[in-house]
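Trainee: To be precise about what I am sending: the file is called coords_18.txt and holds compact mmCIF, C-alpha atoms and all ligand atoms.
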# COMPACT_ATOMS: atom_id res chain seq x y z
CA MET L 1 6.25 20.73 -21.05
CA ALA L 2 7.13 23.22 -18.34
CA LEU L 3 4.56 23.90 -15.66
CA THR L 4 3.77 26.63 -13.14
CA ILE L 5 1.62 25.59 -10.21
CA THR L 6 0.11 28.67 -8.65
CA GLY L 7 -0.99 29.38 -5.11
CA ALA L 8 -0.49 26.03 -3.37
CA SER L 9 0.52 25.88 0.26
CA VAL L 10 3.41 23.46 0.63
CA LEU L 11 2.54 20.93 3.34
CA GLY L 12 -0.21 23.31 4.40
CA GLU L 13 2.29 25.99 5.36
CA THR L 14 3.96 28.55 3.06
CA THR L 15 1.88 29.55 0.05
CA THR L 16 4.00 29.79 -3.06
CA ASP L 17 4.15 29.13 -6.79
CA LEU L 18 5.99 25.98 -7.85
CA TYR L 19 7.92 25.81 -11.11
CA VAL L 20 8.70 22.77 -13.20
CA ASP L 21 11.09 22.75 -16.16
CA ASP L 22 10.80 20.86 -19.44
CA ALA L 23 12.64 17.90 -17.94
CA GLY L 24 9.99 17.55 -15.21
CA LEU L 25 12.23 18.84 -12.43
CA LEU L 26 11.30 21.43 -9.83
CA VAL L 27 13.22 24.67 -10.39
CA ASP L 28 13.50 27.99 -8.58
CA ALA L 29 12.18 30.32 -11.29
CA PRO L 30 9.32 30.19 -13.81
CA VAL L 31 10.05 28.80 -17.27
CA ALA L 32 8.85 30.91 -20.23
CA GLY L 33 5.75 29.53 -21.90
CA ALA L 34 4.95 27.16 -19.03
CA GLU L 35 1.46 25.70 -18.71
CA VAL L 36 -0.33 27.06 -15.62
CA LEU L 37 -2.03 24.77 -13.10
CA ASP L 38 -4.26 26.64 -10.68
CA ALA L 39 -3.73 25.37 -7.15
CA ASP L 40 -5.13 28.31 -5.25
CA GLY L 41 -6.24 27.15 -1.79
CA LEU L 42 -4.80 23.68 -2.29
CA VAL L 43 -2.19 21.89 -0.20
CA ALA L 44 0.86 20.57 -2.05
CA LEU L 45 2.18 17.21 -0.88
CA PRO L 46 4.98 15.12 -2.31
CA GLY L 47 3.42 12.53 -4.64
CA LEU L 48 2.04 9.64 -2.62
CA VAL L 49 3.82 6.27 -2.66
CA ASP L 50 1.92 3.03 -2.07
CA LEU L 51 3.98 0.16 -0.68
CA HIS L 52 1.28 -2.40 -1.32
CA THR L 53 -0.85 -2.50 -4.49
CA HIS L 54 -2.32 -5.48 -6.32
CA LEU L 55 -2.52 -4.70 -10.03
CA ARG L 56 -3.57 -8.23 -11.16
CA GLU L 57 -1.71 -8.11 -14.48
CA PRO L 58 -0.62 -10.57 -15.75
CA GLY L 59 -3.37 -13.10 -15.19
CA ARG L 60 -6.47 -11.37 -13.90
CA GLU L 61 -6.96 -8.49 -16.29
CA ASP L 62 -10.70 -8.78 -15.69
CA ALA L 63 -10.15 -7.45 -12.14
CA GLU L 64 -7.45 -4.83 -12.82
CA THR L 65 -4.65 -4.08 -15.26
CA VAL L 66 -1.48 -2.10 -14.76
CA LEU L 67 -3.14 0.70 -16.73
CA THR L 68 -6.44 0.79 -14.83
CA GLY L 69 -4.67 0.41 -11.49
CA SER L 70 -2.29 3.24 -12.46
CA ARG L 71 -5.29 5.41 -13.26
CA ALA L 72 -6.86 4.68 -9.89
CA ALA L 73 -3.51 5.41 -8.23
CA ALA L 74 -3.14 8.78 -9.98
CA LEU L 75 -6.71 9.73 -9.00
CA GLY L 76 -5.83 8.88 -5.42
CA GLY L 77 -2.82 11.22 -5.55
CA TYR L 78 -0.18 8.52 -6.02
CA THR L 79 2.91 8.89 -8.19
CA ALA L 80 4.47 5.51 -7.31
CA VAL L 81 3.07 2.10 -6.44
CA LEU L 82 4.72 -1.16 -5.49
CA ALA L 83 3.02 -3.91 -7.49
CA MET L 84 2.59 -7.09 -5.47
CA ALA L 85 3.93 -10.38 -6.78
CA ASN L 86 0.82 -12.58 -6.48
CA THR L 87 -0.07 -12.32 -10.15
CA SER L 88 -0.40 -15.24 -12.52
CA PRO L 89 2.33 -16.07 -13.31
CA VAL L 90 3.91 -14.92 -10.05
CA THR L 91 6.62 -12.22 -10.19
CA ASP L 92 9.37 -14.59 -9.12
CA THR L 93 11.86 -14.04 -11.96
CA ALA L 94 13.72 -11.03 -13.35
CA GLU L 95 11.83 -11.46 -16.61
CA ALA L 96 8.45 -11.27 -14.86
CA ALA L 97 9.55 -8.19 -12.89
CA LEU L 98 10.74 -6.46 -16.06
CA ARG L 99 7.40 -7.14 -17.71
CA VAL L 100 5.54 -5.38 -14.86
CA LEU L 101 8.01 -2.49 -15.02
CA GLU L 102 7.44 -2.14 -18.77
CA LEU L 103 3.66 -2.25 -18.44
CA GLY L 104 3.95 0.53 -15.86
CA ARG L 105 6.07 2.63 -18.18
CA GLU L 106 3.61 2.11 -21.02
CA ALA L 107 0.78 3.29 -18.77
CA GLY L 108 2.98 6.27 -17.84
CA LEU L 109 0.89 7.56 -14.94
CA VAL L 110 2.88 6.48 -11.87
CA ASP L 111 6.11 4.63 -11.21
CA VAL L 112 5.11 0.98 -11.10
CA GLN L 113 7.83 -0.73 -9.11
CA PRO L 114 7.55 -4.53 -9.07
CA VAL L 115 7.71 -6.42 -5.80
CA GLY L 116 9.45 -9.77 -6.18
CA ALA L 117 8.16 -12.98 -4.64
CA VAL L 118 10.23 -14.36 -1.76
CA THR L 119 9.63 -17.96 -2.81
CA ARG L 120 9.10 -19.61 -6.17
CA GLY L 121 5.41 -19.62 -7.03
CA LEU L 122 4.68 -18.24 -3.52
CA ALA L 123 4.91 -21.87 -2.42
CA GLY L 124 6.97 -21.05 0.67
CA GLU L 125 9.67 -23.61 -0.08
CA GLU L 126 12.49 -22.54 -2.42
CA LEU L 127 13.74 -18.95 -2.66
CA ALA L 128 12.79 -17.13 -5.88
CA GLU L 129 15.43 -15.43 -8.09
CA LEU L 130 16.01 -12.69 -5.52
CA GLY L 131 19.47 -11.66 -6.73
CA LEU L 132 18.56 -11.67 -10.41
CA MET L 133 15.47 -9.56 -9.74
CA ALA L 134 17.54 -7.13 -7.66
CA ARG L 135 20.27 -6.79 -10.29
CA SER L 136 17.87 -6.50 -13.23
CA ARG L 137 16.75 -3.18 -14.68
CA ALA L 138 13.67 -3.56 -12.48
CA ARG L 139 15.96 -3.02 -9.43
CA VAL L 140 13.67 -5.02 -7.16
CA ARG L 141 14.26 -4.21 -3.48
CA VAL L 142 11.02 -5.31 -1.83
CA PHE L 143 10.21 -9.02 -1.71
CA SER L 144 6.93 -10.45 -0.52
CA ASP L 145 4.79 -13.57 -0.79
CA ASP L 146 1.86 -11.35 0.19
CA GLY L 147 -1.40 -13.23 0.41
CA LYS L 148 0.68 -15.99 1.93
CA CYS L 149 3.03 -15.98 4.89
CA VAL L 150 6.64 -17.11 4.55
CA HIS L 151 5.88 -19.44 7.44
CA ASP L 152 8.97 -21.65 7.41
CA ALA L 153 11.49 -19.93 9.70
CA ARG L 154 14.44 -21.44 7.86
CA VAL L 155 13.23 -20.03 4.52
CA MET L 156 12.57 -16.64 6.11
CA ARG L 157 16.03 -16.59 7.64
CA ARG L 158 17.65 -17.36 4.27
CA ALA L 159 15.57 -14.71 2.52
CA LEU L 160 16.61 -12.07 5.06
CA GLU L 161 20.28 -13.04 4.69
CA TYR L 162 20.02 -12.89 0.91
CA VAL L 163 18.34 -9.49 0.55
CA LYS L 164 20.76 -7.91 3.01
CA ALA L 165 23.49 -8.07 0.35
CA PHE L 166 21.71 -5.49 -1.81
CA GLY L 167 19.83 -3.49 0.81
CA GLY L 168 16.54 -5.27 0.14
CA VAL L 169 13.69 -5.90 2.52
CA VAL L 170 11.25 -8.75 3.07
CA SER L 171 7.67 -7.55 3.43
CA GLN L 172 5.95 -10.26 5.39
CA HIS L 173 2.29 -11.25 5.36
CA SER L 174 2.34 -12.29 9.00
CA GLN L 175 -0.02 -15.19 9.55
CA ASP L 176 0.90 -18.51 11.06
CA PRO L 177 -1.05 -21.03 8.97
CA SER L 178 -1.22 -23.55 11.81
CA LEU L 179 -2.96 -21.00 14.05
CA ALA L 180 -5.08 -19.41 11.34
CA GLY L 181 -6.45 -22.55 9.69
CA PRO L 182 -7.36 -22.95 6.03
CA THR L 183 -11.00 -21.89 6.29
CA ALA L 184 -10.66 -18.78 8.48
CA CYS L 185 -12.46 -15.83 6.93
CA CYS L 186 -12.80 -13.14 9.60
CA HIS L 187 -11.43 -12.10 12.99
CA GLU L 188 -11.84 -14.82 15.65
CA GLY L 189 -13.88 -13.29 18.45
CA GLU L 190 -17.36 -12.47 19.59
CA VAL L 191 -18.67 -11.63 16.09
CA SER L 192 -17.30 -14.77 14.41
CA GLY L 193 -18.71 -16.86 17.26
CA ARG L 194 -22.16 -15.35 16.86
CA LEU L 195 -22.14 -15.71 13.06
CA GLY L 196 -20.70 -19.21 13.09
CA LEU L 197 -17.80 -18.21 10.84
CA PRO L 198 -14.32 -19.71 11.25
CA GLY L 199 -11.97 -16.97 12.48
CA TRP L 200 -8.31 -15.98 12.64
CA PRO L 201 -7.06 -15.10 16.09
CA GLY L 202 -4.82 -12.03 16.41
CA ILE L 203 -2.13 -14.29 17.84
CA ALA L 204 -1.66 -15.95 14.40
CA GLU L 205 -0.27 -12.60 13.22
CA GLU L 206 1.59 -11.72 16.39
CA VAL L 207 3.68 -14.90 16.67
CA ILE L 208 5.04 -14.34 13.16
CA VAL L 209 5.79 -10.66 13.81
CA ALA L 210 7.64 -11.67 16.99
CA ARG L 211 9.57 -14.43 15.23
CA ASP L 212 10.50 -12.18 12.30
CA VAL L 213 11.85 -9.31 14.36
CA MET L 214 14.12 -11.85 16.10
CA LEU L 215 15.21 -13.20 12.71
CA ALA L 216 15.90 -9.63 11.57
CA ARG L 217 18.02 -9.10 14.67
CA HIS L 218 19.85 -12.38 14.13
CA THR L 219 20.58 -11.71 10.44
CA GLY L 220 21.12 -7.95 10.75
CA SER L 221 18.70 -7.62 7.86
CA ARG L 222 15.56 -5.60 7.28
CA VAL L 223 12.00 -6.87 7.74
CA HIS L 224 8.82 -4.99 6.93
CA VAL L 225 5.51 -5.97 8.47
CA ALA L 226 2.79 -5.70 5.84
CA HIS L 227 -0.73 -4.66 6.91
CA VAL L 228 -0.30 -4.76 10.70
CA SER L 229 -3.72 -5.36 12.18
CA THR L 230 -3.54 -6.04 15.92
CA ALA L 231 -2.54 -4.21 19.10
CA GLY L 232 -0.27 -7.12 19.99
CA SER L 233 1.68 -6.79 16.73
CA VAL L 234 2.09 -3.09 17.43
CA GLU L 235 3.55 -3.88 20.85
CA VAL L 236 6.10 -6.24 19.30
CA VAL L 237 7.11 -3.70 16.64
CA ARG L 238 7.44 -0.99 19.30
CA TRP L 239 9.66 -3.23 21.39
CA ALA L 240 11.77 -4.26 18.39
CA LYS L 241 12.34 -0.67 17.31
CA ALA L 242 13.42 0.21 20.84
CA GLN L 243 16.05 -2.56 20.57
CA GLY L 244 17.36 -1.04 17.33
CA ILE L 245 16.09 -3.91 15.20
CA ALA L 246 15.60 -2.94 11.53
CA VAL L 247 11.85 -3.36 11.37
CA THR L 248 9.29 -1.17 9.64
CA ALA L 249 5.53 -1.56 9.48
CA GLU L 250 2.57 -0.44 7.42
CA VAL L 251 -1.13 -0.18 8.19
CA THR L 252 -3.95 -0.09 5.66
CA PRO L 253 -6.64 2.59 5.49
CA HIS L 254 -9.30 -0.08 6.09
CA HIS L 255 -7.67 -1.32 9.28
CA LEU L 256 -7.56 2.31 10.48
CA LEU L 257 -11.25 2.89 9.87
CA LEU L 258 -13.32 -0.30 9.77
CA THR L 259 -14.06 -2.84 12.48
CA THR L 260 -15.01 -6.51 12.55
CA ASP L 261 -18.68 -5.89 13.38
CA LEU L 262 -19.18 -4.88 9.72
CA VAL L 263 -18.96 -8.60 8.99
CA SER L 264 -22.28 -9.10 10.83
CA GLY L 265 -24.26 -8.56 7.63
CA TYR L 266 -22.23 -11.30 5.86
CA ASP L 267 -21.33 -8.76 3.17
CA PRO L 268 -18.18 -10.09 1.43
CA THR L 269 -17.08 -6.51 0.69
CA PHE L 270 -15.77 -6.60 4.25
CA LYS L 271 -13.86 -9.84 3.83
CA VAL L 272 -10.16 -9.13 3.82
CA ASN L 273 -6.92 -10.72 4.90
CA PRO L 274 -5.78 -9.85 7.55
CA PRO L 275 -9.36 -9.45 8.75
CA LEU L 276 -11.02 -6.35 10.14
CA ARG L 277 -10.41 -6.31 13.88
CA PRO L 278 -12.24 -4.98 16.98
CA ALA L 279 -12.23 -1.29 17.92
CA GLU L 280 -9.41 -1.75 20.51
CA ASP L 281 -7.07 -2.87 17.74
CA VAL L 282 -8.12 0.01 15.51
CA ALA L 283 -7.37 2.46 18.32
CA ALA L 284 -3.93 0.89 18.86
CA LEU L 285 -3.15 1.11 15.14
CA ARG L 286 -4.06 4.80 15.02
CA ALA L 287 -1.93 5.52 18.08
CA ALA L 288 1.00 3.58 16.60
CA LEU L 289 0.78 5.49 13.32
CA ALA L 290 0.73 8.75 15.27
CA ASP L 291 3.75 7.89 17.44
CA GLY L 292 5.84 6.50 14.55
CA THR L 293 5.75 2.83 15.59
CA ILE L 294 3.95 2.24 12.31
CA ASP L 295 5.92 3.94 9.55
CA ALA L 296 3.54 4.02 6.63
CA VAL L 297 0.01 3.75 5.32
CA ALA L 298 -0.23 1.25 2.46
CA THR L 299 -3.46 0.51 0.64
CA ASP L 300 -3.37 -3.26 -0.01
CA HIS L 301 -5.59 -2.25 -2.95
CA ALA L 302 -6.97 -5.69 -3.83
CA PRO L 303 -9.42 -5.49 -6.72
CA HIS L 304 -11.64 -8.50 -7.37
CA ALA L 305 -14.08 -9.25 -10.17
CA ARG L 306 -17.75 -9.57 -9.23
CA HIS L 307 -17.77 -13.30 -9.87
CA ASP L 308 -15.02 -13.79 -7.29
CA LYS L 309 -16.43 -11.48 -4.64
CA GLU L 310 -20.20 -11.96 -4.85
CA HIS L 311 -20.47 -15.26 -3.03
CA ALA L 312 -21.46 -16.49 0.40
CA PHE L 313 -19.05 -14.90 2.90
CA VAL L 314 -16.97 -18.05 3.43
CA ASP L 315 -16.43 -18.55 -0.31
CA ALA L 316 -15.75 -14.97 -1.45
CA ALA L 317 -12.27 -13.66 -2.34
CA PHE L 318 -10.33 -11.65 0.25
CA GLY L 319 -9.61 -8.01 -0.39
CA MET L 320 -10.80 -4.44 -0.88
CA VAL L 321 -9.90 -1.64 -3.26
CA GLY L 322 -8.46 1.50 -1.72
CA LEU L 323 -6.15 3.57 -3.92
CA GLU L 324 -8.69 6.30 -4.60
CA GLN L 325 -9.82 6.66 -0.96
CA ALA L 326 -6.62 6.18 1.04
CA LEU L 327 -5.79 9.83 1.58
CA GLY L 328 -9.40 10.64 2.47
CA VAL L 329 -9.50 7.85 5.04
CA VAL L 330 -6.24 8.94 6.65
CA ARG L 331 -7.44 12.55 6.77
CA THR L 332 -10.73 11.41 8.28
CA VAL L 333 -9.41 9.15 11.02
CA MET L 334 -6.08 10.72 11.99
CA GLU L 335 -7.30 13.74 13.91
CA GLY L 336 -4.38 15.92 14.88
CA PHE L 337 -2.27 14.80 11.93
CA SER L 338 -0.57 17.68 10.11
CA TRP L 339 0.00 17.64 6.36
CA ALA L 340 3.67 17.01 7.12
CA ASP L 341 2.61 13.88 9.05
CA ILE L 342 0.56 12.75 6.07
CA ALA L 343 3.50 13.34 3.72
CA ARG L 344 5.71 11.31 6.06
CA VAL L 345 3.47 8.24 6.27
CA MET L 346 2.14 8.30 2.71
CA SER L 347 5.17 9.47 0.73
CA THR L 348 8.61 9.85 2.27
CA ASN L 349 8.59 6.84 4.60
CA PRO L 350 7.18 4.44 2.01
CA ALA L 351 9.71 5.69 -0.57
CA ARG L 352 12.54 5.13 1.89
CA ILE L 353 11.32 1.65 2.88
CA ALA L 354 10.99 0.66 -0.78
CA GLY L 355 14.44 1.97 -1.68
CA LEU L 356 12.96 4.43 -4.18
CA ASP L 357 14.58 7.74 -4.95
CA THR L 358 13.59 9.87 -1.96
CA GLN L 359 14.70 13.05 -3.69
CA GLY L 360 11.41 13.14 -5.59
CA ARG L 361 9.65 13.54 -2.28
CA ALA L 362 11.62 16.58 -1.22
CA LEU L 363 9.64 19.28 -3.07
CA SER L 364 12.85 21.25 -3.59
CA ALA L 365 14.69 22.51 -6.66
CA GLY L 366 16.33 19.76 -8.66
CA ALA L 367 13.91 17.06 -7.51
CA PRO L 368 11.52 15.36 -9.94
CA ALA L 369 8.14 17.10 -9.78
CA HIS L 370 5.96 14.42 -8.17
CA LEU L 371 3.14 16.31 -6.46
CA THR L 372 -0.32 15.77 -5.05
CA LEU L 373 -2.55 18.83 -4.74
CA VAL L 374 -5.35 18.44 -2.25
CA ASP L 375 -8.39 20.50 -1.37
CA PRO L 376 -8.22 20.37 2.44
CA SER L 377 -11.75 21.57 3.10
CA ALA L 378 -13.66 19.41 0.59
CA THR L 379 -15.51 16.25 1.51
CA VAL L 380 -16.28 13.36 -0.80
CA THR L 381 -19.12 10.85 -0.52
CA VAL L 382 -17.68 7.64 -1.87
CA ASP L 383 -19.53 6.01 -4.76
CA ARG L 384 -18.06 2.65 -5.70
CA ASP L 385 -19.12 3.15 -9.33
CA VAL L 386 -17.13 6.36 -9.68
CA THR L 387 -13.72 4.80 -10.12
CA ALA L 388 -10.98 4.08 -12.63
CA SER L 389 -10.52 0.60 -11.19
CA LEU L 390 -12.11 -2.34 -12.97
CA SER L 391 -13.41 -3.62 -9.63
CA ARG L 392 -16.09 -2.39 -7.28
CA ASN L 393 -15.24 -4.12 -4.00
CA ASN L 394 -15.13 -0.81 -2.19
CA PRO L 395 -15.70 -0.93 1.57
CA TYR L 396 -16.12 2.87 1.82
CA HIS L 397 -19.17 3.09 -0.47
CA GLY L 398 -21.57 5.69 0.92
CA ARG L 399 -19.15 7.09 3.49
CA GLU L 400 -18.13 10.71 3.64
CA LEU L 401 -14.36 11.26 3.65
CA SER L 402 -12.39 14.46 4.29
CA SER L 403 -10.40 16.29 1.60
CA ARG L 404 -10.17 15.66 -2.12
CA VAL L 405 -7.29 15.08 -4.52
CA VAL L 406 -7.64 17.82 -7.14
CA HIS L 407 -4.47 17.51 -9.24
CA THR L 408 -1.68 14.96 -9.44
CA VAL L 409 1.63 15.73 -11.13
CA TYR L 410 3.96 12.87 -12.03
CA GLY L 411 7.46 13.87 -13.15
CA GLY L 412 6.14 17.25 -14.26
CA LYS L 413 3.25 15.71 -16.21
CA VAL L 414 -0.29 16.49 -15.03
CA THR L 415 -1.94 13.07 -14.68
CA VAL L 416 -5.04 14.29 -12.84
CA ARG L 417 -6.59 17.71 -13.37
CA ASP L 418 -9.63 18.94 -11.41
CA GLY L 419 -10.25 15.48 -10.06
CA ALA L 420 -10.31 13.76 -13.46
CA LEU L 421 -7.67 11.92 -15.47
CA ALA L 422 -5.89 14.49 -17.63
O1 LIG L 501 -7.27 -9.38 1.38
C1 LIG L 501 -6.25 -9.61 0.76
N1 LIG L 501 -6.24 -9.68 -0.58
N2 LIG L 501 -5.13 -9.83 1.43
C2 LIG L 501 -4.00 -10.22 0.83
O2 LIG L 501 -3.02 -10.39 1.49
C3 LIG L 501 -4.00 -10.53 -0.61
C4 LIG L 501 -5.03 -9.73 -1.29
C5 LIG L 501 -5.28 -10.18 -2.70
O3 LIG L 501 -4.35 -10.42 -3.45
O4 LIG L 501 -6.45 -10.23 -3.08
Render the structure in this file as structure tokens.

Mentor:
Amino acid sequence: MALTITGASVLGETTTDLYVDDAGLLVDAPVAGAEVLDADGLVALPGLVDLHTHLREPGREDAETVLTGSRAAALGGYTAVLAMANTSPVTDTAEAALRVLELGREAGLVDVQPVGAVTRGLAGEELAELGLMARSRARVRVFSDDGKCVHDARVMRRALEYVKAFGGVVSQHSQDPSLAGPTACCHEGEVSGRLGLPGWPGIAEEVIVARDVMLARHTGSRVHVAHVSTAGSVEVVRWAKAQGIAVTAEVTPHHLLLTTDLVSGYDPTFKVNPPLRPAEDVAALRAALADGTIDAVATDHAPHARHDKEHAFVDAAFGMVGLEQALGVVRTVMEGFSWADIARVMSTNPARIAGLDTQGRALSAGAPAHLTLVDPSATVTVDRDVTASLSRNNPYHGRELSSRVVHTVYGGKVTVRDGALA
């Protein structure tokens, strides 16, 4: 059904009405009989795109499903999410990717674009069916063993060579297993020493980032650094970009806001991989997002059931939810960011990196109407129980975040109206 969105200011600048036709495309003039969506005083952004979402289906439907994760995404202002491959079974075949795509279409709230595994079963040894996934209807372009690092340099080299043929990208979980150790559960530093917890040093991430940018240069292929978390990784990415190497990087909302001292209470809500880092790293990540060294904010939304998360710190699962709070966190921490900056790091850059249609992020006539309408002056106090996700491992519980997603429009369809699922 046609839609008229009244009174929104596009990227916080010109205030205008936006018109959507029956096909869900933005058009220049109102369509007779259109439904009206009041956006007076709201900022219109292109629909947000998340490069890094764990939807848990198939396999762990107790923690999240494609439907519940899509709902959380829509509430967070997203119109597209990249669904990570570490499901059970793993998304390492065209058939598995198509299944995720279909589940996303059935949910019908956001584009659910499957990420393919780099290696079979995420085992790090043999390449998965990269070409078949790319050529399937799922059109997979992003490949990742996320949760695990593609640590064997020979395998990583082959993967980069392979995806180059179809303009794909390898999104790497950068973590050298020989430096990180199997029991590491938080950042290695003063806090881990005091608590007696085994830690990951920042260097375990940095050596892989450094190796991978050199492999990208050698192969002429594209590498994406998932969830960058240290100042040293930022330095490497900055250097590589200056050399013209095809590297992109994402940072999570939690690495932009939270620091390793939160681990002091042994609360497993703050256990995540890569771990929360010291304030110096957080400052470097913010600066790198501001200067374009880091291209995108990606949630790494990692829902976990209570019985996996509520354990002693060393035994609990890694990960935090984040789809519903990402925009609020970015607005809260990135002082000086314009709405155009937010659109760049949360919509257009991620769409470009993922090889999605970037037209839908243009907010101009002829483009699919994917829109996020935000109240810029509202604040929200996060309550982990107010969520569409099946999981409650929310590290922002009790915090006040700036701005609020009021409406989300996905291909002309209102998915969220007045802050609630439509
Ligand atoms: O904390 C994390 N959780 N980091 C990852 O890389 C994987 C994720 C998960 O799947 O739970």

Trainee: Please provide the set of residues having any atom within 8 Å of segment 233-239 of chain L, restricted to all atoms listed in the file, with same-chain residues fewer than 4 positions apart removed, written as a CSV table (one decimal) with C-alpha atoms, keeping the file's coordinate frame.

Mentor:
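Generated output (out.csv):
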chain,number,residue,atom,x,y,z
L,205,GLU,CA,-0.3,-12.6,13.2
L,206,GLU,CA,1.6,-11.7,16.4
L,209,VAL,CA,5.8,-10.7,13.8
L,210,ALA,CA,7.6,-11.7,17.0
L,213,VAL,CA,11.8,-9.3,14.4
L,228,VAL,CA,-0.3,-4.8,10.7
L,229,SER,CA,-3.7,-5.4,12.2
L,243,GLN,CA,16.0,-2.6,20.6
L,247,VAL,CA,11.8,-3.4,11.4
L,248,THR,CA,9.3,-1.2,9.6
L,249,ALA,CA,5.5,-1.6,9.5
L,284,ALA,CA,-3.9,0.9,18.9
L,285,LEU,CA,-3.2,1.1,15.1
L,288,ALA,CA,1.0,3.6,16.6
L,293,THR,CA,5.8,2.8,15.6
L,294,ILE,CA,4.0,2.2,12.3

Trainee: Draw an axis-aligned box tight on the listed atoms of segment 362-379 of chain L, then pad every side by 8 Å and write out centre and edge lengths in Å to one decimal as JSON.

Mentor:
{"center_x": 0.4, "center_y": 18.5, "center_z": -3.4, "size_x": 47.8, "size_y": 24.1, "size_z": 29.0}

Trainee: For ligand LIG 501 (chain L), list the contacting residues at 8 Å or closer, counting only C-alpha atoms and all ligand atoms, as a list in words.

Mentor: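 Using only C-alpha atoms and all ligand atoms, I find these residues within 8 Å of ligand LIG 501 (chain L): His54, Met84, Asn86, Asp146, Gly147, Lys148, His173, Lys271, Val272, Asn273, Pro274, Pro275, Asp300, His301, Ala302, Pro303, His304, Ala317, Phe318, Gly319 and Met320 of chain L.
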
Trainee: Go ahead and save the residues from that selection, with C-alpha atoms, as a PDB file, in the coordinates of the input.

Mentor:
ATOM      1  CA  HIS L  54      -2.320  -5.480  -6.320  1.00  0.00           C
ATOM      2  CA  MET L  84       2.590  -7.090  -5.470  1.00  0.00           C
ATOM      3  CA  ASN L  86       0.820 -12.580  -6.480  1.00  0.00           C
ATOM      4  CA  ASP L 146       1.860 -11.350   0.190  1.00  0.00           C
ATOM      5  CA  GLY L 147      -1.400 -13.230   0.410  1.00  0.00           C
ATOM      6  CA  LYS L 148       0.680 -15.990   1.930  1.00  0.00           C
ATOM      7  CA  HIS L 173       2.290 -11.250   5.360  1.00  0.00           C
ATOM      8  CA  LYS L 271     -13.860  -9.840   3.830  1.00  0.00           C
ATOM      9  CA  VAL L 272     -10.160  -9.130   3.820  1.00  0.00           C
ATOM     10  CA  ASN L 273      -6.920 -10.720   4.900  1.00  0.00           C
ATOM     11  CA  PRO L 274      -5.780  -9.850   7.550  1.00  0.00           C
ATOM     12  CA  PRO L 275      -9.360  -9.450   8.750  1.00  0.00           C
ATOM     13  CA  ASP L 300      -3.370  -3.260  -0.010  1.00  0.00           C
ATOM     14  CA  HIS L 301      -5.590  -2.250  -2.950  1.00  0.00           C
ATOM     15  CA  ALA L 302      -6.970  -5.690  -3.830  1.00  0.00           C
ATOM     16  CA  PRO L 303      -9.420  -5.490  -6.720  1.00  0.00           C
ATOM     17  CA  HIS L 304     -11.640  -8.500  -7.370  1.00  0.00           C
ATOM     18  CA  ALA L 317     -12.270 -13.660  -2.340  1.00  0.00           C
ATOM     19  CA  PHE L 318     -10.330 -11.650   0.250  1.00  0.00           C
ATOM     20  CA  GLY L 319      -9.610  -8.010  -0.390  1.00  0.00           C
ATOM     21  CA  MET L 320     -10.800  -4.440  -0.880  1.00  0.00           C
TER      22      MET L 320
END

Trainee: Taking into account all atoms listed in the file, which residue in the set L:Thr252, L:Thr415, L:Ser338, L:Gln325 is nearest to Glu13 of chain L?

Mentor: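 Of L:Thr252, L:Thr415, L:Ser338, L:Gln325, the one nearest Glu13 of chain L, counting all atoms listed in the file, is L:Ser338.
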
Trainee: For segment 93-108 of chain L, please output as a list in words all residues within 6 Å (counting only C-alpha atoms; exclusion window: fewer than 6 positions along the same chain).

Mentor: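 Within the cut-off, the hits are Leu67, Pro114, Glu129, Leu132, Met133 and Ala138 of chain L.
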
Trainee: List every protein, DNA or RNA residue with an atom no more than 7 Å from (10.3, 21.3, -17.9) in the file's coordinates, counting all atoms listed in the file, and format the result as a PDB file with C-alpha atoms, in the frame of the given file.

Mentor:
ATOM      1  CA  MET L   1       6.250  20.730 -21.050  1.00  0.00           C
ATOM      2  CA  ALA L   2       7.130  23.220 -18.340  1.00  0.00           C
ATOM      3  CA  LEU L   3       4.560  23.900 -15.660  1.00  0.00           C
ATOM      4  CA  VAL L  20       8.700  22.770 -13.200  1.00  0.00           C
ATOM      5  CA  ASP L  21      11.090  22.750 -16.160  1.00  0.00           C
ATOM      6  CA  ASP L  22      10.800  20.860 -19.440  1.00  0.00           C
ATOM      7  CA  ALA L  23      12.640  17.900 -17.940  1.00  0.00           C
ATOM      8  CA  GLY L  24       9.990  17.550 -15.210  1.00  0.00           C
ATOM      9  CA  LEU L  25      12.230  18.840 -12.430  1.00  0.00           C
ATOM     10  CA  GLY L 412       6.140  17.250 -14.260  1.00  0.00           C
TER      11      GLY L 412
END

Trainee: Using only C-alpha atoms, which of L:Met214, L:Val345, L:Val282, L:Val115 sits nearest Val142 of chain L?

Mentor: L:Val115

Trainee: Give me the residues near Arg157 of chain L as a ChimeraX atom specification, where near means some atom within 10 Å (using only C-alpha atoms) and where sequence neighbours in that chain fewer than 6 positions away do not count.

Mentor: /L:150,212,214-216,218-219,221
